[in-house]
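Next up, query07.cif (mmCIF, C-alpha atoms and all ligand atoms):
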data_my_file
loop_
_atom_site.group_PDB
_atom_site.id
_atom_site.type_symbol
_atom_site.label_atom_id
_atom_site.label_comp_id
_atom_site.auth_asym_id
_atom_site.auth_seq_id
_atom_site.Cartn_x
_atom_site.Cartn_y
_atom_site.Cartn_z
ATOM 1 C CA MET A 69 7.832 -29.552 -0.223
ATOM 2 C CA LYS A 70 7.454 -26.365 -2.250
ATOM 3 C CA ALA A 71 8.482 -23.122 -0.551
ATOM 4 C CA GLY A 72 7.750 -19.829 -2.284
ATOM 5 C CA VAL A 73 9.132 -16.310 -2.231
ATOM 6 C CA VAL A 74 6.951 -13.453 -3.498
ATOM 7 C CA ALA A 75 8.952 -12.107 -6.437
ATOM 8 C CA VAL A 76 7.565 -8.720 -7.383
ATOM 9 C CA GLN A 77 10.306 -6.588 -5.828
ATOM 10 C CA GLY A 78 13.085 -6.892 -3.262
ATOM 11 C CA ASP A 79 15.785 -9.407 -2.375
ATOM 12 C CA VAL A 80 14.261 -12.603 -3.739
ATOM 13 C CA SER A 81 17.294 -14.691 -4.679
ATOM 14 C CA GLU A 82 18.813 -14.430 -1.173
ATOM 15 C CA HIS A 83 15.598 -15.867 0.304
ATOM 16 C CA ILE A 84 15.529 -18.667 -2.301
ATOM 17 C CA HIS A 85 19.112 -19.528 -1.405
ATOM 18 C CA ALA A 86 18.388 -19.482 2.378
ATOM 19 C CA LEU A 87 15.327 -21.729 1.875
ATOM 20 C CA GLU A 88 17.398 -24.216 -0.146
ATOM 21 C CA ASN A 89 19.987 -24.173 2.619
ATOM 22 C CA ALA A 90 17.363 -24.731 5.321
ATOM 23 C CA MET A 91 15.871 -27.672 3.372
ATOM 24 C CA HIS A 92 19.338 -29.173 3.124
ATOM 25 C CA VAL A 93 19.983 -28.747 6.874
ATOM 26 C CA LEU A 94 16.577 -30.234 7.747
ATOM 27 C CA SER A 95 16.971 -33.049 5.157
ATOM 28 C CA ILE A 96 13.717 -32.025 3.493
ATOM 29 C CA SER A 97 13.481 -32.706 -0.203
ATOM 30 C CA GLY A 98 11.789 -29.911 -2.075
ATOM 31 C CA GLU A 99 12.273 -26.751 -4.030
ATOM 32 C CA ALA A 100 12.157 -23.009 -3.493
ATOM 33 C CA ILE A 101 10.316 -21.100 -6.206
ATOM 34 C CA ARG A 102 9.574 -17.507 -7.214
ATOM 35 C CA VAL A 103 5.909 -16.644 -6.730
ATOM 36 C CA ARG A 104 4.485 -14.118 -9.203
ATOM 37 C CA LYS A 105 0.758 -14.828 -9.530
ATOM 38 C CA ALA A 106 -2.241 -15.995 -7.509
ATOM 39 C CA ALA A 107 -2.012 -19.560 -8.899
ATOM 40 C CA ASP A 108 1.569 -19.788 -7.577
ATOM 41 C CA VAL A 109 0.360 -18.741 -4.091
ATOM 42 C CA LEU A 110 -2.130 -21.611 -4.194
ATOM 43 C CA SER A 111 0.580 -24.118 -5.176
ATOM 44 C CA VAL A 112 3.151 -23.567 -2.393
ATOM 45 C CA ASP A 113 3.382 -25.105 1.092
ATOM 46 C CA SER A 114 4.920 -21.996 2.660
ATOM 47 C CA LEU A 115 5.589 -18.435 1.549
ATOM 48 C CA ILE A 116 7.926 -15.504 2.250
ATOM 49 C CA ILE A 117 7.103 -11.847 1.559
ATOM 50 C CA PRO A 118 10.545 -10.203 1.325
ATOM 51 C CA GLY A 119 11.819 -6.737 2.115
ATOM 52 C CA GLY A 120 11.660 -3.941 -0.414
ATOM 53 C CA GLU A 121 9.220 -1.033 -0.374
ATOM 54 C CA SER A 122 5.930 -1.875 1.331
ATOM 55 C CA THR A 123 3.939 0.668 -0.725
ATOM 56 C CA THR A 124 5.153 -0.853 -4.015
ATOM 57 C CA ILE A 125 4.820 -4.481 -2.912
ATOM 58 C CA SER A 126 1.265 -3.846 -1.710
ATOM 59 C CA LYS A 127 0.265 -2.363 -5.082
ATOM 60 C CA LEU A 128 1.876 -5.207 -7.033
ATOM 61 C CA LEU A 129 0.192 -7.831 -4.817
ATOM 62 C CA LYS A 130 -3.167 -6.187 -5.560
ATOM 63 C CA LEU A 131 -2.528 -5.941 -9.322
ATOM 64 C CA SER A 132 -1.438 -9.580 -9.582
ATOM 65 C CA GLY A 133 -4.321 -10.980 -7.515
ATOM 66 C CA MET A 134 -1.839 -12.354 -4.969
ATOM 67 C CA PHE A 135 -3.142 -10.083 -2.193
ATOM 68 C CA ASP A 136 -6.398 -12.008 -1.713
ATOM 69 C CA ALA A 137 -4.755 -15.384 -2.384
ATOM 70 C CA ILE A 138 -2.186 -14.775 0.382
ATOM 71 C CA ARG A 139 -4.886 -13.696 2.831
ATOM 72 C CA LYS A 140 -6.879 -16.839 2.054
ATOM 73 C CA ARG A 141 -3.947 -19.296 2.311
ATOM 74 C CA ALA A 142 -2.576 -17.702 5.492
ATOM 75 C CA SER A 143 -5.951 -17.819 7.219
ATOM 76 C CA GLU A 144 -6.175 -21.518 6.282
ATOM 77 C CA GLY A 145 -2.843 -22.112 8.058
ATOM 78 C CA MET A 146 -0.121 -21.885 5.385
ATOM 79 C CA PRO A 147 3.204 -20.953 7.034
ATOM 80 C CA LEU A 148 3.973 -17.348 6.054
ATOM 81 C CA MET A 149 6.975 -15.143 6.854
ATOM 82 C CA GLY A 150 7.155 -11.397 6.241
ATOM 83 C CA THR A 151 10.535 -9.696 6.484
ATOM 84 C CA CYS A 152 10.991 -5.919 6.776
ATOM 85 C CA ALA A 153 8.535 -4.517 4.167
ATOM 86 C CA GLY A 154 6.836 -7.942 4.342
ATOM 87 C CA CYS A 155 6.549 -7.525 8.126
ATOM 88 C CA ILE A 156 4.775 -4.193 7.597
ATOM 89 C CA LEU A 157 2.294 -5.811 5.197
ATOM 90 C CA LEU A 158 1.359 -8.524 7.723
ATOM 91 C CA ALA A 159 0.357 -5.991 10.395
ATOM 92 C CA LYS A 160 -3.169 -4.919 11.252
ATOM 93 C CA LYS A 161 -2.025 -1.410 12.198
ATOM 94 C CA GLY A 162 0.474 0.477 10.050
ATOM 95 C CA GLY A 163 0.845 3.809 11.812
ATOM 96 C CA GLU A 164 1.122 7.305 10.396
ATOM 97 C CA GLN A 165 3.414 6.654 7.415
ATOM 98 C CA VAL A 166 1.311 3.758 6.152
ATOM 99 C CA GLU A 167 -1.830 5.884 6.433
ATOM 100 C CA LYS A 168 -0.198 8.843 4.680
ATOM 101 C CA THR A 169 0.701 6.668 1.685
ATOM 102 C CA SER A 170 -2.674 4.834 1.772
ATOM 103 C CA THR A 171 -0.826 1.516 1.716
ATOM 104 C CA GLU A 172 -3.209 -1.413 1.936
ATOM 105 C CA LEU A 173 -1.961 -3.972 4.453
ATOM 106 C CA LEU A 174 -2.740 -7.704 4.444
ATOM 107 C CA GLY A 175 -3.724 -7.188 8.096
ATOM 108 C CA LEU A 176 -3.150 -10.796 9.137
ATOM 109 C CA MET A 177 -1.293 -10.370 12.436
ATOM 110 C CA ASP A 178 -2.404 -8.774 15.707
ATOM 111 C CA MET A 179 0.339 -6.153 15.718
ATOM 112 C CA GLY A 180 1.071 -2.522 14.997
ATOM 113 C CA VAL A 181 4.243 -1.423 13.176
ATOM 114 C CA ASP A 182 6.056 1.858 12.711
ATOM 115 C CA ARG A 183 7.572 2.093 9.229
ATOM 116 C CA ASN A 184 11.237 3.204 9.007
ATOM 117 C CA TYR A 185 11.411 3.286 12.823
ATOM 118 C CA PHE A 186 15.060 2.185 12.898
ATOM 119 C CA GLY A 187 15.895 3.800 9.569
ATOM 120 C CA ARG A 188 15.518 7.249 11.015
ATOM 121 C CA GLN A 189 18.252 6.572 13.545
ATOM 122 C CA ARG A 190 20.794 4.747 11.414
ATOM 123 C CA GLU A 191 20.191 3.761 7.816
ATOM 124 C CA SER A 192 21.447 0.186 8.139
ATOM 125 C CA PHE A 193 23.082 -1.865 10.906
ATOM 126 C CA GLU A 194 23.527 -5.345 12.348
ATOM 127 C CA ALA A 195 22.521 -6.468 15.814
ATOM 128 C CA SER A 196 22.864 -9.730 17.678
ATOM 129 C CA LEU A 197 19.393 -10.934 18.659
ATOM 130 C CA SER A 198 18.300 -13.517 21.153
ATOM 131 C CA ILE A 199 15.288 -15.232 19.581
ATOM 132 C CA ASP A 200 12.832 -17.532 21.365
ATOM 133 C CA GLY A 201 13.131 -20.971 19.797
ATOM 134 C CA LEU A 202 16.754 -20.577 18.607
ATOM 135 C CA SER A 203 19.599 -21.989 20.667
ATOM 136 C CA ARG A 204 22.168 -19.374 19.570
ATOM 137 C CA PRO A 205 22.096 -15.632 18.881
ATOM 138 C CA PHE A 206 21.057 -14.544 15.390
ATOM 139 C CA THR A 207 22.649 -11.611 13.564
ATOM 140 C CA GLY A 208 19.819 -9.404 12.377
ATOM 141 C CA VAL A 209 20.462 -7.022 9.472
ATOM 142 C CA PHE A 210 18.241 -3.935 9.780
ATOM 143 C CA ILE A 211 17.769 -1.806 6.632
ATOM 144 C CA ARG A 212 15.400 1.145 7.029
ATOM 145 C CA ALA A 213 13.622 -1.304 9.266
ATOM 146 C CA PRO A 214 10.213 -1.031 10.882
ATOM 147 C CA ALA A 215 9.643 -1.751 14.566
ATOM 148 C CA ILE A 216 6.777 -3.846 15.866
ATOM 149 C CA VAL A 217 5.477 -1.307 18.371
ATOM 150 C CA GLU A 218 2.436 -3.178 19.620
ATOM 151 C CA THR A 219 1.219 -6.799 19.801
ATOM 152 C CA TRP A 220 -2.058 -8.127 21.125
ATOM 153 C CA GLY A 221 -4.324 -11.175 20.882
ATOM 154 C CA ARG A 222 -2.591 -14.251 19.462
ATOM 155 C CA CYS A 223 0.546 -12.401 18.326
ATOM 156 C CA LYS A 224 3.575 -13.041 20.580
ATOM 157 C CA PRO A 225 6.970 -11.274 20.549
ATOM 158 C CA LEU A 226 9.931 -13.625 19.914
ATOM 159 C CA ALA A 227 12.804 -11.108 19.928
ATOM 160 C CA GLU A 228 13.497 -7.603 21.176
ATOM 161 C CA PHE A 229 15.872 -4.904 20.007
ATOM 162 C CA ALA A 230 16.315 -1.478 21.621
ATOM 163 C CA GLY A 231 13.169 -1.901 23.666
ATOM 164 C CA ARG A 232 11.022 -2.787 20.643
ATOM 165 C CA THR A 233 9.816 -6.087 19.236
ATOM 166 C CA ALA A 234 11.975 -7.151 16.288
ATOM 167 C CA MET A 235 10.255 -10.491 15.606
ATOM 168 C CA ALA A 236 6.828 -11.900 16.426
ATOM 169 C CA ARG A 237 4.806 -15.023 15.789
ATOM 170 C CA GLN A 238 1.098 -15.575 15.445
ATOM 171 C CA ASP A 239 0.231 -19.240 14.880
ATOM 172 C CA ASN A 240 1.479 -20.051 11.339
ATOM 173 C CA MET A 241 2.920 -16.583 10.709
ATOM 174 C CA LEU A 242 6.297 -14.983 11.466
ATOM 175 C CA ALA A 243 7.023 -11.260 11.208
ATOM 176 C CA LEU A 244 10.631 -10.039 11.209
ATOM 177 C CA ALA A 245 11.651 -6.371 11.205
ATOM 178 C CA PHE A 246 15.093 -7.375 9.894
ATOM 179 C CA HIS A 247 16.458 -9.307 6.871
ATOM 180 C CA PRO A 248 17.230 -12.950 7.840
ATOM 181 C CA GLU A 249 18.250 -13.768 4.230
ATOM 182 C CA LEU A 250 21.304 -11.505 4.559
ATOM 183 C CA SER A 251 22.804 -13.499 7.455
ATOM 184 C CA ALA A 252 24.825 -16.625 6.801
ATOM 185 C CA ASP A 253 22.448 -18.486 9.111
ATOM 186 C CA SER A 254 19.316 -20.126 7.676
ATOM 187 C CA SER A 255 17.811 -21.093 11.041
ATOM 188 C CA LEU A 256 14.865 -18.678 10.757
ATOM 189 C CA HIS A 257 14.041 -20.070 7.307
ATOM 190 C CA ALA A 258 14.202 -23.502 8.970
ATOM 191 C CA MET A 259 11.809 -22.216 11.661
ATOM 192 C CA LEU A 260 9.341 -21.275 8.894
ATOM 193 C CA LEU A 261 9.646 -24.690 7.206
ATOM 194 C CA ASN A 262 9.103 -26.384 10.584
ATOM 195 C CA LEU A 263 5.784 -24.568 11.035
HETATM 196 N N1 LIG B 1 11.371 1.010 4.710
HETATM 197 C C1 LIG B 1 10.762 0.051 3.836
HETATM 198 C C2 LIG B 1 9.256 0.186 3.826
HETATM 199 O O1 LIG B 1 8.726 0.922 4.607
HETATM 200 C C3 LIG B 1 11.155 -1.352 4.238
HETATM 201 C C4 LIG B 1 12.641 -1.515 4.102
HETATM 202 C C5 LIG B 1 13.073 -2.889 3.768
HETATM 203 O O2 LIG B 1 12.256 -3.770 3.470
HETATM 204 N N2 LIG B 1 14.355 -3.080 3.808
HETATM 205 O O3 LIG B 1 8.619 -0.432 3.053
#

Exercise: express the given structure as structure tokens:
Amino acid sequence: MKAGVVAVQGDVSEHIHALENAMHVLSISGEAIRVRKAADVLSVDSLIIPGGESTTISKLLKLSGMFDAIRKRASEGMPLMGTCAGCILLAKKGGEQVEKTSTELLGLMDMGVDRNYFGRQRESFEASLSIDGLSRPFTGVFIRAPAIVETWGRCKPLAEFAGRTAMARQDNMLALAFHPELSADSSLHAMLLNL
């Protein structure tokens, strides 16, 4: 199995490490690779879009041709996880800040996000989350994190924080407002590989 992490900006090596860990725990043989061009997107079995700055990541996805390749693979069923900035990019509705910056979203999931929703309150914090499908609480690290403020259609909330959705799933796609790669627990990376 080949699992990829989009490597244009953001915390890539932590995701690679968590994927390797999850493969080990699940006894899957495979590798985790950095994805930098459209051909790489076509070669992986699953993909993570990490946190960073959604405006910048969106531009770099467009420039590299990965934007359309990701949309194509995800709509064909490739397991895809977006964390923090990656979560914003998966949404169909981006809210005021996304509009102001004219950020182009992948628009793959039936959800609306509010960029920097939690960042305005406290720049960075940890919270214990109860997540559907996990048997124990997961420590979510929120860094200038968005909130999922709306879900509809096939998109279902999997975790709540402070009255907002912090994680959602739509078929083969997972959107996380927080950074799972910064917790010592690779169970959400395992959830992706199990999709
Ligand atoms: N606030 C960032 C954005 O809007 C996301 C922050 C992050 O990914 N840690 O793109």

Cut-off 10 Å, all atoms listed in the file, neighbours of ligand LIG 1 (chain B) as number ranges by chain: A: 77-79, 117-126, 150-157, 162, 165-166, 171, 181-188, 191-192, 209-214, 245-247

Hits of the PyMOL selection byres (((chain A and resi 84-98) around 8) and not hetatm) in this structure, as a list in words: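 That expression, the PyMOL selection byres (((chain A and resi 84-98) around 8) and not hetatm), corresponds here to Met69, Lys70, Ala71, Gly72, Val73, Val80, Ser81, Glu82, His83, Glu99, Ala100, Ile101, Arg102, Glu249, Asp253, Ser254, Ser255, His257, Ala258 and Leu261 of chain A.
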
Expected file: the selected residues, C-alpha atoms, as a short mmCIF file (atom, residue, chain, number, x, y, z; two decimals), in the frame of the given file:
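This is the output file out-v5.cif:
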data_model
loop_
_atom_site.label_atom_id
_atom_site.label_comp_id
_atom_site.auth_asym_id
_atom_site.auth_seq_id
_atom_site.Cartn_x
_atom_site.Cartn_y
_atom_site.Cartn_z
CA MET A 69 7.83 -29.55 -0.22
CA LYS A 70 7.45 -26.36 -2.25
CA ALA A 71 8.48 -23.12 -0.55
CA GLY A 72 7.75 -19.83 -2.28
CA VAL A 73 9.13 -16.31 -2.23
CA VAL A 80 14.26 -12.60 -3.74
CA SER A 81 17.29 -14.69 -4.68
CA GLU A 82 18.81 -14.43 -1.17
CA HIS A 83 15.60 -15.87 0.30
CA GLU A 99 12.27 -26.75 -4.03
CA ALA A 100 12.16 -23.01 -3.49
CA ILE A 101 10.32 -21.10 -6.21
CA ARG A 102 9.57 -17.51 -7.21
CA GLU A 249 18.25 -13.77 4.23
CA ASP A 253 22.45 -18.49 9.11
CA SER A 254 19.32 -20.13 7.68
CA SER A 255 17.81 -21.09 11.04
CA HIS A 257 14.04 -20.07 7.31
CA ALA A 258 14.20 -23.50 8.97
CA LEU A 261 9.65 -24.69 7.21
#

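When you apply the PyMOL selection byres (((chain A and resi 110) around 12) and not hetatm) to this structure, what comes back is Lys70, Ala71, Gly72, Val103, Arg104, Lys105, Ala106, Ala107, Asp108, Val109, Ser111, Val112, Asp113, Ser114, Leu115, Gly133, Met134, Phe135, Asp136, Ala137, Ile138, Arg139, Lys140, Arg141, Ala142, Glu144 and Met146 of chain A.
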
Kindly provide, as JSON, the centre and edge lengths (Å, one decimal) of an axis-aligned box around all atoms of region 81-90 of chain A given in the file, with 6 Å on each side.
{"center_x": 17.7, "center_y": -19.6, "center_z": 0.3, "size_x": 16.7, "size_y": 22.3, "size_z": 22.0}

Target residues per the PyMOL selection byres (((chain A and resi 229) around 10) and not hetatm), formatted as a list in words: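 When the PyMOL selection byres (((chain A and resi 229) around 10) and not hetatm) is applied, the selected residues are Ala195, Ser196, Leu197, Ser198, Gly208, Ala215, Ala227, Glu228, Ala230, Gly231, Arg232, Thr233, Ala234, Met235 and Ala245 of chain A.
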
Atoms to include: C-alpha atoms. Write the selected residues as a PDB file, keeping the file's coordinate frame.
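part.pdb written:
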ATOM      1  CA  ALA A 195      22.521  -6.468  15.814  1.00  0.00           C
ATOM      2  CA  SER A 196      22.864  -9.730  17.678  1.00  0.00           C
ATOM      3  CA  LEU A 197      19.393 -10.934  18.659  1.00  0.00           C
ATOM      4  CA  SER A 198      18.300 -13.517  21.153  1.00  0.00           C
ATOM      5  CA  GLY A 208      19.819  -9.404  12.377  1.00  0.00           C
ATOM      6  CA  ALA A 215       9.643  -1.751  14.566  1.00  0.00           C
ATOM      7  CA  ALA A 227      12.804 -11.108  19.928  1.00  0.00           C
ATOM      8  CA  GLU A 228      13.497  -7.603  21.176  1.00  0.00           C
ATOM      9  CA  ALA A 230      16.315  -1.478  21.621  1.00  0.00           C
ATOM     10  CA  GLY A 231      13.169  -1.901  23.666  1.00  0.00           C
ATOM     11  CA  ARG A 232      11.022  -2.787  20.643  1.00  0.00           C
ATOM     12  CA  THR A 233       9.816  -6.087  19.236  1.00  0.00           C
ATOM     13  CA  ALA A 234      11.975  -7.151  16.288  1.00  0.00           C
ATOM     14  CA  MET A 235      10.255 -10.491  15.606  1.00  0.00           C
ATOM     15  CA  ALA A 245      11.651  -6.371  11.205  1.00  0.00           C
TER      16      ALA A 245
END

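Residue nearest Met177 (chain A) within the list A:Thr207, A:Asn262, A:Ser143, A:Gln238: A:Gln238 [criterion: smallest interatomic distance, all atoms listed in the file].
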
For Phe206 (chain A), the nearest of the candidates A:Glu172, A:Leu256, A:Pro225, A:Asn240, counting all atoms listed in the file: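 Residue with the minimum atom-to-atom distance to Phe206 (chain A): A:Leu256.
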
Interatomic distance, CA of Leu260 (chain A) to CA of Glu218 (chain A) (Å, one decimal):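 For CA of Leu260 (chain A) relative to CA of Glu218 (chain A), the distance reads 22.1 Å.
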
CA of Ser251 (chain A) to CA of Val76 (chain A), distance in Å rounded to a single decimal: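 Going from CA of Ser251 (chain A) over to CA of Val76 (chain A), I get 21.8 Å.
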